[in-house]
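Student: Following this line is work.json, made up of JSON, C-alpha atoms:
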```json
[["chain", "number", "residue", "atom", "x", "y", "z"],
["A", 1, "ILE", "CA", -17.72, 148.96, 70.49],
["A", 2, "ALA", "CA", -16.56, 148.60, 74.06],
["A", 3, "GLY", "CA", -19.05, 149.17, 76.85],
["A", 4, "ILE", "CA", -21.83, 151.64, 76.25],
["A", 5, "THR", "CA", -21.97, 154.34, 73.59],
["A", 6, "GLN", "CA", -24.28, 157.29, 72.98],
["A", 7, "ALA", "CA", -24.91, 159.48, 69.94],
["A", 8, "PRO", "CA", -24.81, 162.30, 69.27],
["A", 9, "THR", "CA", -22.26, 163.75, 71.70],
["A", 10, "SER", "CA", -24.03, 167.09, 71.63],
["A", 11, "GLN", "CA", -26.94, 168.66, 69.75],
["A", 12, "ILE", "CA", -28.62, 172.02, 69.43],
["A", 13, "LEU", "CA", -32.28, 171.64, 68.57],
["A", 14, "ALA", "CA", -35.09, 174.02, 67.72],
["A", 15, "ALA", "CA", -38.15, 173.81, 69.96],
["A", 16, "GLY", "CA", -40.88, 171.65, 68.46],
["A", 17, "ARG", "CA", -38.49, 169.37, 66.60],
["A", 18, "ARG", "CA", -38.37, 165.61, 67.09],
["A", 19, "MET", "CA", -35.10, 164.09, 68.29],
["A", 20, "THR", "CA", -33.87, 160.58, 69.01],
["A", 21, "LEU", "CA", -30.89, 159.98, 71.27],
["A", 22, "ARG", "CA", -29.18, 156.68, 70.60],
["A", 23, "CYS", "CA", -27.69, 154.26, 73.13],
["A", 24, "THR", "CA", -25.97, 150.95, 72.43],
["A", 25, "GLN", "CA", -24.26, 148.52, 74.78],
["A", 26, "ASP", "CA", -22.22, 145.42, 73.98],
["A", 27, "MET", "CA", -22.09, 143.90, 77.47],
["A", 28, "ARG", "CA", -25.32, 141.88, 77.02],
["A", 29, "HIS", "CA", -26.78, 143.58, 80.07],
["A", 30, "ASN", "CA", -30.46, 142.89, 80.60],
["A", 31, "ALA", "CA", -31.36, 146.30, 82.06],
["A", 32, "MET", "CA", -30.97, 149.76, 80.51],
["A", 33, "TYR", "CA", -31.81, 153.25, 81.78],
["A", 34, "TRP", "CA", -32.08, 156.86, 80.63],
["A", 35, "TYR", "CA", -31.29, 159.74, 82.99],
["A", 36, "ARG", "CA", -31.12, 163.47, 82.68],
["A", 37, "GLN", "CA", -28.69, 165.48, 84.76],
["A", 38, "ASP", "CA", -29.35, 169.09, 85.63],
["A", 39, "LEU", "CA", -27.28, 171.37, 87.85],
["A", 40, "GLY", "CA", -28.32, 171.07, 91.48],
["A", 41, "LEU", "CA", -30.81, 168.27, 90.81],
["A", 42, "GLY", "CA", -28.57, 165.30, 90.21],
["A", 43, "LEU", "CA", -29.45, 162.38, 87.98],
["A", 44, "ARG", "CA", -33.15, 161.75, 87.44],
["A", 45, "LEU", "CA", -34.52, 158.60, 85.85],
["A", 46, "ILE", "CA", -36.61, 159.15, 82.72],
["A", 47, "HIS", "CA", -37.38, 155.62, 81.52],
["A", 48, "TYR", "CA", -35.95, 152.17, 82.07],
["A", 49, "SER", "CA", -36.10, 148.66, 80.66],
["A", 50, "ASN", "CA", -35.46, 145.56, 82.74],
["A", 51, "THR", "CA", -35.31, 143.30, 79.69],
["A", 52, "ALA", "CA", -35.74, 143.46, 75.93],
["A", 53, "GLY", "CA", -39.38, 144.05, 75.01],
["A", 54, "THR", "CA", -40.34, 145.79, 78.27],
["A", 55, "THR", "CA", -40.09, 149.42, 79.39],
["A", 56, "GLY", "CA", -41.14, 151.42, 82.43],
["A", 57, "LYS", "CA", -41.53, 155.03, 83.49],
["A", 58, "GLY", "CA", -39.09, 156.69, 85.83],
["A", 59, "GLU", "CA", -39.33, 159.89, 87.83],
["A", 60, "VAL", "CA", -39.58, 162.35, 84.90],
["A", 61, "PRO", "CA", -41.06, 160.52, 81.85],
["A", 62, "ASP", "CA", -43.28, 163.25, 80.39],
["A", 63, "GLY", "CA", -42.26, 164.34, 76.89],
["A", 64, "TYR", "CA", -40.05, 161.29, 76.35],
["A", 65, "SER", "CA", -40.58, 157.82, 74.93],
["A", 66, "VAL", "CA", -38.37, 154.75, 74.65],
["A", 67, "SER", "CA", -38.33, 151.35, 72.97],
["A", 68, "ARG", "CA", -36.32, 148.20, 73.61],
["A", 69, "ALA", "CA", -36.55, 146.02, 70.50],
["A", 70, "ASN", "CA", -33.37, 144.09, 71.35],
["A", 71, "THR", "CA", -30.85, 143.68, 74.17],
["A", 72, "ASP", "CA", -28.27, 146.14, 72.86],
["A", 73, "ASP", "CA", -30.20, 149.27, 71.87],
["A", 74, "PHE", "CA", -32.32, 151.65, 73.91],
["A", 75, "PRO", "CA", -33.20, 154.86, 72.01],
["A", 76, "LEU", "CA", -34.81, 157.84, 73.72],
["A", 77, "THR", "CA", -37.17, 160.02, 71.66],
["A", 78, "LEU", "CA", -38.30, 163.57, 72.32],
["A", 79, "ALA", "CA", -41.46, 163.88, 70.22],
["A", 80, "SER", "CA", -41.60, 167.69, 70.31],
["A", 81, "ALA", "CA", -38.67, 169.25, 72.14],
["A", 82, "VAL", "CA", -39.16, 172.09, 74.62],
["A", 83, "PRO", "CA", -36.50, 174.34, 76.23],
["A", 84, "SER", "CA", -36.97, 172.66, 79.62],
["A", 85, "GLN", "CA", -35.55, 169.50, 78.06],
["A", 86, "THR", "CA", -32.17, 171.18, 77.76],
["A", 87, "SER", "CA", -29.95, 168.88, 79.81],
["A", 88, "VAL", "CA", -27.20, 166.28, 79.75],
["A", 89, "TYR", "CA", -28.64, 162.84, 79.02],
["A", 90, "PHE", "CA", -26.95, 159.68, 80.24],
["A", 91, "CYS", "CA", -27.76, 156.15, 79.19],
["A", 92, "ALA", "CA", -26.77, 153.31, 81.53],
["A", 93, "SER", "CA", -26.95, 149.53, 81.62],
["A", 94, "SER", "CA", -26.63, 146.86, 84.29],
["A", 95, "ASP", "CA", -26.63, 143.13, 84.72],
["A", 96, "SER", "CA", -29.24, 142.98, 87.44],
["A", 97, "MET", "CA", -29.07, 139.18, 87.59],
["A", 98, "SER", "CA", -25.61, 138.88, 89.10],
["A", 99, "GLY", "CA", -23.35, 140.60, 91.61],
["A", 100, "PRO", "CA", -24.20, 144.04, 92.88],
["A", 101, "GLY", "CA", -25.70, 144.96, 89.52],
["A", 102, "GLU", "CA", -23.98, 148.30, 89.34],
["A", 103, "GLN", "CA", -24.91, 150.56, 86.46],
["A", 104, "PHE", "CA", -22.41, 151.44, 83.74],
["A", 105, "PHE", "CA", -22.90, 154.84, 82.15],
["A", 106, "GLY", "CA", -22.38, 156.06, 78.61],
["A", 107, "PRO", "CA", -20.47, 159.29, 77.93],
["A", 108, "GLY", "CA", -23.61, 161.41, 77.75],
["A", 109, "THR", "CA", -25.38, 163.61, 75.21],
["A", 110, "ARG", "CA", -25.50, 167.35, 75.82],
["A", 111, "LEU", "CA", -28.79, 168.63, 74.39],
["A", 112, "THR", "CA", -29.74, 172.29, 74.03],
["A", 113, "VAL", "CA", -33.30, 173.16, 72.99],
["A", 114, "LEU", "CA", -33.77, 176.73, 71.78],
["B", 1, "GLY", "CA", -39.98, 157.11, 96.23],
["B", 2, "GLN", "CA", -36.65, 158.01, 97.76],
["B", 3, "ASN", "CA", -35.42, 161.18, 99.47],
["B", 4, "ILE", "CA", -31.64, 161.34, 99.46],
["B", 5, "ASP", "CA", -29.58, 164.07, 101.12],
["B", 6, "GLN", "CA", -25.86, 164.76, 100.90],
["B", 7, "PRO", "CA", -23.80, 167.92, 101.38],
["B", 8, "THR", "CA", -23.35, 170.13, 98.33],
["B", 9, "GLU", "CA", -19.64, 170.85, 98.66],
["B", 10, "MET", "CA", -16.59, 169.82, 100.68],
["B", 11, "THR", "CA", -12.99, 171.00, 100.54],
["B", 12, "ALA", "CA", -9.95, 169.14, 101.86],
["B", 13, "THR", "CA", -6.18, 169.18, 101.63],
["B", 14, "GLU", "CA", -4.10, 166.72, 99.65],
["B", 15, "GLY", "CA", -3.20, 163.72, 101.84],
["B", 16, "ALA", "CA", -6.09, 164.31, 104.23],
["B", 17, "ILE", "CA", -9.27, 162.29, 104.84],
["B", 18, "VAL", "CA", -12.77, 163.37, 103.88],
["B", 19, "GLN", "CA", -16.08, 161.76, 104.87],
["B", 20, "ILE", "CA", -19.17, 162.35, 102.73],
["B", 21, "ASN", "CA", -22.43, 161.60, 104.50],
["B", 22, "CYS", "CA", -25.64, 160.46, 102.84],
["B", 23, "THR", "CA", -29.02, 160.07, 104.49],
["B", 24, "TYR", "CA", -32.03, 158.55, 102.81],
["B", 25, "GLN", "CA", -35.70, 157.84, 103.33],
["B", 26, "THR", "CA", -36.91, 154.98, 101.22],
["B", 27, "SER", "CA", -40.09, 153.13, 100.35],
["B", 28, "GLY", "CA", -38.01, 150.09, 99.47],
["B", 29, "PHE", "CA", -34.31, 149.31, 99.85],
["B", 30, "ASN", "CA", -32.18, 147.00, 97.73],
["B", 31, "GLY", "CA", -28.70, 148.43, 98.13],
["B", 32, "LEU", "CA", -26.79, 151.71, 98.25],
["B", 33, "PHE", "CA", -24.21, 152.79, 95.70],
["B", 34, "TRP", "CA", -21.56, 155.47, 95.51],
["B", 35, "TYR", "CA", -20.45, 156.85, 92.16],
["B", 36, "GLN", "CA", -17.66, 159.27, 91.24],
["B", 37, "GLN", "CA", -18.19, 161.82, 88.49],
["B", 38, "HIS", "CA", -15.45, 164.08, 87.17],
["B", 39, "ALA", "CA", -16.56, 167.31, 85.53],
["B", 40, "GLY", "CA", -17.86, 166.71, 82.02],
["B", 41, "GLU", "CA", -17.66, 162.94, 82.33],
["B", 42, "ALA", "CA", -19.97, 160.04, 83.08],
["B", 43, "PRO", "CA", -20.46, 158.65, 86.60],
["B", 44, "THR", "CA", -18.33, 155.61, 87.45],
["B", 45, "PHE", "CA", -19.09, 153.00, 90.08],
["B", 46, "LEU", "CA", -17.15, 153.18, 93.36],
["B", 47, "SER", "CA", -18.85, 151.02, 95.97],
["B", 48, "TYR", "CA", -21.92, 149.03, 96.95],
["B", 49, "ASN", "CA", -23.44, 148.25, 100.34],
["B", 50, "VAL", "CA", -26.50, 146.13, 100.97],
["B", 51, "LEU", "CA", -25.76, 144.91, 104.53],
["B", 52, "ASP", "CA", -24.82, 147.03, 107.52],
["B", 53, "GLY", "CA", -21.14, 147.68, 108.00],
["B", 54, "LEU", "CA", -18.02, 148.88, 106.29],
["B", 55, "GLU", "CA", -16.80, 147.94, 102.82],
["B", 56, "GLU", "CA", -13.18, 148.84, 102.10],
["B", 57, "LYS", "CA", -11.69, 149.23, 98.64],
["B", 58, "GLY", "CA", -8.20, 150.65, 98.69],
["B", 59, "ARG", "CA", -8.30, 154.33, 99.64],
["B", 60, "PHE", "CA", -12.11, 154.37, 99.53],
["B", 61, "SER", "CA", -14.45, 152.88, 102.14],
["B", 62, "SER", "CA", -18.23, 152.96, 102.39],
["B", 63, "PHE", "CA", -20.41, 152.40, 105.43],
["B", 64, "LEU", "CA", -24.10, 151.59, 105.71],
["B", 65, "SER", "CA", -26.61, 151.61, 108.56],
["B", 66, "ARG", "CA", -30.00, 150.53, 107.24],
["B", 67, "SER", "CA", -31.82, 151.20, 110.51],
["B", 68, "LYS", "CA", -30.61, 154.82, 110.48],
["B", 69, "GLY", "CA", -30.98, 155.34, 106.73],
["B", 70, "TYR", "CA", -27.38, 156.49, 106.68],
["B", 71, "SER", "CA", -24.24, 155.90, 104.66],
["B", 72, "TYR", "CA", -20.88, 157.55, 104.31],
["B", 73, "LEU", "CA", -18.06, 157.42, 101.80],
["B", 74, "LEU", "CA", -14.57, 157.82, 103.26],
["B", 75, "LEU", "CA", -11.77, 158.99, 101.03],
["B", 76, "LYS", "CA", -8.30, 158.56, 102.54],
["B", 77, "GLU", "CA", -4.91, 159.91, 101.46],
["B", 78, "LEU", "CA", -6.60, 162.41, 99.19],
["B", 79, "GLN", "CA", -5.03, 163.08, 95.81],
["B", 80, "MET", "CA", -5.67, 165.94, 93.40],
["B", 81, "LYS", "CA", -7.35, 163.50, 91.01],
["B", 82, "ASP", "CA", -10.00, 162.83, 93.68],
["B", 83, "SER", "CA", -11.48, 166.27, 92.98],
["B", 84, "ALA", "CA", -14.88, 165.27, 91.61],
["B", 85, "SER", "CA", -18.54, 164.97, 92.43],
["B", 86, "TYR", "CA", -19.58, 161.97, 94.54],
["B", 87, "LEU", "CA", -23.09, 160.63, 94.07],
["B", 88, "CYS", "CA", -25.03, 158.59, 96.62],
["B", 89, "ALA", "CA", -27.73, 156.38, 95.08],
["B", 90, "VAL", "CA", -30.33, 154.06, 96.60],
["B", 91, "ARG", "CA", -31.78, 151.12, 94.70],
["B", 92, "ASP", "CA", -35.39, 150.05, 95.18],
["B", 93, "GLY", "CA", -37.02, 146.66, 94.80],
["B", 94, "ASP", "CA", -37.52, 147.24, 91.05],
["B", 95, "TYR", "CA", -33.77, 147.74, 90.58],
["B", 96, "LYS", "CA", -34.22, 151.45, 89.89],
["B", 97, "LEU", "CA", -31.69, 153.91, 91.31],
["B", 98, "SER", "CA", -32.53, 157.24, 92.93],
["B", 99, "PHE", "CA", -29.61, 159.64, 93.17],
["B", 100, "GLY", "CA", -28.74, 162.40, 95.55],
["B", 101, "ALA", "CA", -27.74, 165.74, 94.04],
["B", 102, "GLY", "CA", -24.06, 164.93, 94.57],
["B", 103, "THR", "CA", -21.23, 166.30, 96.72],
["B", 104, "THR", "CA", -18.49, 168.25, 94.97],
["B", 105, "VAL", "CA", -15.13, 167.56, 96.63],
["B", 106, "THR", "CA", -12.28, 169.95, 95.96],
["B", 107, "VAL", "CA", -8.79, 168.81, 96.92],
["B", 108, "ARG", "CA", -6.31, 171.63, 97.53],
["B", 109, "ALA", "CA", -2.53, 171.31, 97.46]]
```
What does this structure look like when you write it as structure tokens?

Tutor:
Amino acid sequence: IAGITQAPTSQILAAGRRMTLRCTQDMRHNAMYWYRQDLGLGLRLIHYSNTAGTTGKGEVPDGYSVSRANTDDFPLTLASAVPSQTSVYFCASSDSMSGPGEQFFGPGTRLTVL
Amino acid sequence: GQNIDQPTEMTATEGAIVQINCTYQTSGFNGLFWYQQHAGEAPTFLSYNVLDGLEEKGRFSSFLSRSKGYSYLLLKELQMKDSASYLCAVRDGDYKLSFGAGTTVTVRA
């Protein structure tokens, strides 16, 4: 693994189903983030974690949950998917303790809820 | 929260210069970032400003005025590969980023 990875790359999901998007980083970054990107709206923060064991709500958290059991992994769960959750989901990580603390993004997961 | 505005689209000719403006209203400020995003790809970090002034990085420069809530990204000697979306993002005191909707730059031959 080099950097930050996400799985799956894309998924088509029936409404009402449960889905977990996976995110793993090998940079030992303390902070991790989940965004959704929709046309015309830009990137919107769903949930974040400043360190393992802690999480926080972003701008659009409803319908999503996260956990941060260790430094490397930050899964995002849709408990019961709805069509409005159709989007491209990006995971990101940053070392907020040094330098500018820029965020590094994973390749994204394209999710379609029917 | 943050309110971040940037133009939706810009078009320029190869070899030219383009300036992308970003204005923001913030409840807390801890730095401004510019990211580049090619179609179908992830955003990648371009520049960071936390103090007023100009930061230069090769063909790309970024400027910040905190008192005016204003930044710009300057792209010089445009190349076809610079065709992409450019995202302005403001970081708050909790290290969370708020993004503008992005500016799509099209470089024409």

Student: Kindly assemble as CSV a list of the range 17-80 of chain A residues that lie within 12 Å of range 64-85 of chain B, each paired with its nearest atom pair and their distance in Å to one decimal, using all atoms listed in the file, sorted first by chain and then by ascending residue number.

Tutor:
```
residue,atom,partner,partner_atom,distance
A:Leu39,CA,B:Ser85,CA,11.8
A:Gly40,CA,B:Ser85,CA,11.6
A:Gly42,CA,B:Ser85,CA,10.3
```

Student: Write out as a list in words which residues come within 7 Å of range 38-51 of chain B when counting only C-alpha atoms, dropping same-chain ones fewer than 2 positions away.

Tutor: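 Once the nearby chain positions are removed, what remains is Pro100, Glu102, Phe104, Phe105, Gly106, Pro107 and Gly108 of chain A; Asn30, Gly31, Leu32, Phe33, Trp34, Tyr35, Gln36, Gly53, Ser62, Leu64, Ala84 and Ser85 of chain B.
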
Student: Under the rule that all atoms listed in the file are counted, which of A:Leu41, A:Ala81, A:Val66, A:Ile12 is the nearest residue to chain B?

Tutor: A:Leu41

Student: Between CA of Glu14 in chain B and CA of Cys88 in chain B, what is the distance in Å, rounded to a tenth?

Tutor: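 CA of Cys88 in chain B lies at a distance of 22.7 Å from CA of Glu14 in chain B.
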
Student: Pull out every residue of chain A sitting within 12 Å of chain B, counting only C-alpha atoms, and send them as an MDAnalysis selection string.

Tutor: chainID A and resid 4:6 9 30:51 56:60 88:97 99:110

Student: What does the distance from CA of Pro8 in chain A to CA of Asn70 in chain A come to in Å, to one decimal?

Tutor: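 So the two atoms, CA of Pro8 in chain A and CA of Asn70 in chain A, lie 20.2 Å apart.
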
Student: One decimal, Å: what's the distance from CA of Thr71 in chain A over to CA of Ser87 in chain A, could you say?

Tutor: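 Distance reported for this atom pair: 25.8 Å.
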
Student: Any idea what's packed within 12 Å of Gly63 in chain A, counting only C-alpha atoms, ignoring anything in its chain fewer than 4 positions away? Could you give it as a PDB file with C-alpha atoms, in the coordinates of the input?

Tutor:
```pdb
ATOM      1  CA  GLY A  16     -40.880 171.650  68.460  1.00  0.00           C
ATOM      2  CA  ARG A  18     -38.370 165.610  67.090  1.00  0.00           C
ATOM      3  CA  MET A  19     -35.100 164.090  68.290  1.00  0.00           C
ATOM      4  CA  ILE A  46     -36.610 159.150  82.720  1.00  0.00           C
ATOM      5  CA  HIS A  47     -37.380 155.620  81.520  1.00  0.00           C
ATOM      6  CA  LYS A  57     -41.530 155.030  83.490  1.00  0.00           C
ATOM      7  CA  LEU A  76     -34.810 157.840  73.720  1.00  0.00           C
ATOM      8  CA  THR A  77     -37.170 160.020  71.660  1.00  0.00           C
ATOM      9  CA  LEU A  78     -38.300 163.570  72.320  1.00  0.00           C
ATOM     10  CA  ALA A  79     -41.460 163.880  70.220  1.00  0.00           C
ATOM     11  CA  SER A  80     -41.600 167.690  70.310  1.00  0.00           C
ATOM     12  CA  ALA A  81     -38.670 169.250  72.140  1.00  0.00           C
ATOM     13  CA  VAL A  82     -39.160 172.090  74.620  1.00  0.00           C
ATOM     14  CA  PRO A  83     -36.500 174.340  76.230  1.00  0.00           C
ATOM     15  CA  SER A  84     -36.970 172.660  79.620  1.00  0.00           C
ATOM     16  CA  GLN A  85     -35.550 169.500  78.060  1.00  0.00           C
TER      17      GLN A  85
END
```

Student: Closest to Gly3 in chain A among A:Val113, A:Asp73, A:Thr24, A:Pro61, using only C-alpha atoms?

Tutor: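 Of A:Val113, A:Asp73, A:Thr24, A:Pro61, the one nearest Gly3 in chain A, counting only C-alpha atoms, is A:Thr24.
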
Student: Around the point (-7.4, 172.9, 97.8) (coordinates from the file), which residues reach within 10 Å if we count all atoms listed in the file? Answer as number ranges by chain.

Tutor: B: 11-14, 80, 83, 105-109

Student: Report, as lines of an AutoDock Vina configuration file, the axis-aligned box around all atoms of range 13-19 of chain A present in the file, extended by 6 Å on each side; give centre and edge lengths in Å to one decimal place.

Tutor:
```
center_x = -36.6
center_y = 169.1
center_z = 68.3
size_x = 20.6
size_y = 21.9
size_z = 15.4
```

Student: Taking all atoms listed in the file into account, which of A:Thr86, A:Ser67, A:Ala7, A:Thr112 comes nearest Cys23 in chain A?

Tutor: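 Smallest separation from Cys23 in chain A among the options: A:Ala7.
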
Student: For Arg22 in chain A, which residue out of A:Pro75, A:Gly53, A:Ser98, A:Leu114 is the nearest one, using all atoms listed in the file?

Tutor: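 Using all atoms listed in the file, the shortest distance to Arg22 in chain A belongs to A:Pro75.
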
Student: I need the residue nearest Val90 in chain B from this list: B:Gln6, B:Gln37, B:Thr26, B:Gln19. Use only C-alpha atoms for the distance.

Tutor: B:Thr26

Student: Rebuild all heavy atoms on range 11-21 of chain A, as a PDB file, in the frame of the given file?

Tutor:
```pdb
ATOM      1  N   GLN A  11     -25.963 168.261  70.767  1.00  0.00           N
ATOM      2  CA  GLN A  11     -26.940 168.660  69.750  1.00  0.00           C
ATOM      3  C   GLN A  11     -27.619 169.939  70.185  1.00  0.00           C
ATOM      4  O   GLN A  11     -28.000 170.078  71.345  1.00  0.00           O
ATOM      5  CB  GLN A  11     -27.966 167.551  69.554  1.00  0.00           C
ATOM      6  CG  GLN A  11     -29.008 167.817  68.494  1.00  0.00           C
ATOM      7  CD  GLN A  11     -28.465 167.630  67.100  1.00  0.00           C
ATOM      8  OE1 GLN A  11     -27.752 166.675  66.826  1.00  0.00           O
ATOM      9  NE2 GLN A  11     -28.802 168.548  66.212  1.00  0.00           N
ATOM     10  N   ILE A  12     -27.782 170.840  69.222  1.00  0.00           N
ATOM     11  CA  ILE A  12     -28.620 172.020  69.430  1.00  0.00           C
ATOM     12  C   ILE A  12     -29.858 171.838  68.581  1.00  0.00           C
ATOM     13  O   ILE A  12     -29.760 171.542  67.381  1.00  0.00           O
ATOM     14  CB  ILE A  12     -27.878 173.312  69.059  1.00  0.00           C
ATOM     15  CG1 ILE A  12     -26.640 173.483  69.936  1.00  0.00           C
ATOM     16  CG2 ILE A  12     -28.805 174.520  69.212  1.00  0.00           C
ATOM     17  CD1 ILE A  12     -25.756 174.651  69.560  1.00  0.00           C
ATOM     18  N   LEU A  13     -31.021 171.997  69.203  1.00  0.00           N
ATOM     19  CA  LEU A  13     -32.280 171.640  68.570  1.00  0.00           C
ATOM     20  C   LEU A  13     -33.278 172.777  68.697  1.00  0.00           C
ATOM     21  O   LEU A  13     -33.372 173.409  69.759  1.00  0.00           O
ATOM     22  CB  LEU A  13     -32.826 170.392  69.279  1.00  0.00           C
ATOM     23  CG  LEU A  13     -34.005 169.640  68.711  1.00  0.00           C
ATOM     24  CD1 LEU A  13     -33.626 169.001  67.378  1.00  0.00           C
ATOM     25  CD2 LEU A  13     -34.447 168.572  69.692  1.00  0.00           C
ATOM     26  N   ALA A  14     -34.036 173.022  67.645  1.00  0.00           N
ATOM     27  CA  ALA A  14     -35.090 174.020  67.720  1.00  0.00           C
ATOM     28  C   ALA A  14     -36.304 173.447  68.444  1.00  0.00           C
ATOM     29  O   ALA A  14     -36.636 172.263  68.268  1.00  0.00           O
ATOM     30  CB  ALA A  14     -35.494 174.466  66.320  1.00  0.00           C
ATOM     31  N   ALA A  15     -36.944 174.244  69.263  1.00  0.00           N
ATOM     32  CA  ALA A  15     -38.150 173.810  69.960  1.00  0.00           C
ATOM     33  C   ALA A  15     -39.189 173.316  68.957  1.00  0.00           C
ATOM     34  O   ALA A  15     -39.343 173.891  67.868  1.00  0.00           O
ATOM     35  CB  ALA A  15     -38.725 174.946  70.796  1.00  0.00           C
ATOM     36  N   GLY A  16     -39.867 172.229  69.326  1.00  0.00           N
ATOM     37  CA  GLY A  16     -40.880 171.650  68.460  1.00  0.00           C
ATOM     38  C   GLY A  16     -40.377 170.528  67.567  1.00  0.00           C
ATOM     39  O   GLY A  16     -41.176 169.775  66.994  1.00  0.00           O
ATOM     40  N   ARG A  17     -39.056 170.408  67.439  1.00  0.00           N
ATOM     41  CA  ARG A  17     -38.490 169.370  66.600  1.00  0.00           C
ATOM     42  C   ARG A  17     -38.476 168.029  67.330  1.00  0.00           C
ATOM     43  O   ARG A  17     -38.449 167.963  68.553  1.00  0.00           O
ATOM     44  CB  ARG A  17     -37.071 169.734  66.165  1.00  0.00           C
ATOM     45  CG  ARG A  17     -36.965 170.969  65.318  1.00  0.00           C
ATOM     46  CD  ARG A  17     -37.672 170.799  63.985  1.00  0.00           C
ATOM     47  NE  ARG A  17     -37.051 169.782  63.147  1.00  0.00           N
ATOM     48  CZ  ARG A  17     -36.112 170.029  62.251  1.00  0.00           C
ATOM     49  NH1 ARG A  17     -35.648 171.254  62.089  1.00  0.00           N
ATOM     50  NH2 ARG A  17     -35.627 169.054  61.518  1.00  0.00           N
ATOM     51  N   ARG A  18     -38.470 166.971  66.563  1.00  0.00           N
ATOM     52  CA  ARG A  18     -38.370 165.610  67.090  1.00  0.00           C
ATOM     53  C   ARG A  18     -36.903 165.198  67.105  1.00  0.00           C
ATOM     54  O   ARG A  18     -36.139 165.527  66.193  1.00  0.00           O
ATOM     55  CB  ARG A  18     -39.166 164.659  66.188  1.00  0.00           C
ATOM     56  CG  ARG A  18     -39.172 163.212  66.602  1.00  0.00           C
ATOM     57  CD  ARG A  18     -39.920 162.393  65.558  1.00  0.00           C
ATOM     58  NE  ARG A  18     -39.944 160.969  65.880  1.00  0.00           N
ATOM     59  CZ  ARG A  18     -40.882 160.388  66.606  1.00  0.00           C
ATOM     60  NH1 ARG A  18     -41.877 161.096  67.092  1.00  0.00           N
ATOM     61  NH2 ARG A  18     -40.838 159.077  66.842  1.00  0.00           N
ATOM     62  N   MET A  19     -36.511 164.477  68.154  1.00  0.00           N
ATOM     63  CA  MET A  19     -35.100 164.090  68.290  1.00  0.00           C
ATOM     64  C   MET A  19     -35.007 162.726  68.931  1.00  0.00           C
ATOM     65  O   MET A  19     -35.727 162.442  69.897  1.00  0.00           O
ATOM     66  CB  MET A  19     -34.361 165.117  69.171  1.00  0.00           C
ATOM     67  CG  MET A  19     -32.919 164.787  69.483  1.00  0.00           C
ATOM     68  SD  MET A  19     -31.882 165.070  68.051  1.00  0.00           S
ATOM     69  CE  MET A  19     -30.346 164.299  68.552  1.00  0.00           C
ATOM     70  N   THR A  20     -34.121 161.883  68.399  1.00  0.00           N
ATOM     71  CA  THR A  20     -33.870 160.580  69.010  1.00  0.00           C
ATOM     72  C   THR A  20     -32.415 160.504  69.448  1.00  0.00           C
ATOM     73  O   THR A  20     -31.509 160.721  68.644  1.00  0.00           O
ATOM     74  CB  THR A  20     -34.190 159.430  68.044  1.00  0.00           C
ATOM     75  OG1 THR A  20     -35.590 159.420  67.771  1.00  0.00           O
ATOM     76  CG2 THR A  20     -33.814 158.087  68.670  1.00  0.00           C
ATOM     77  N   LEU A  21     -32.222 160.207  70.728  1.00  0.00           N
ATOM     78  CA  LEU A  21     -30.890 159.980  71.270  1.00  0.00           C
ATOM     79  C   LEU A  21     -30.631 158.473  71.255  1.00  0.00           C
ATOM     80  O   LEU A  21     -31.468 157.692  71.737  1.00  0.00           O
ATOM     81  CB  LEU A  21     -30.787 160.507  72.705  1.00  0.00           C
ATOM     82  CG  LEU A  21     -31.211 161.962  72.935  1.00  0.00           C
ATOM     83  CD1 LEU A  21     -30.946 162.380  74.363  1.00  0.00           C
ATOM     84  CD2 LEU A  21     -30.542 162.904  71.966  1.00  0.00           C
TER      85      LEU A  21
END
```
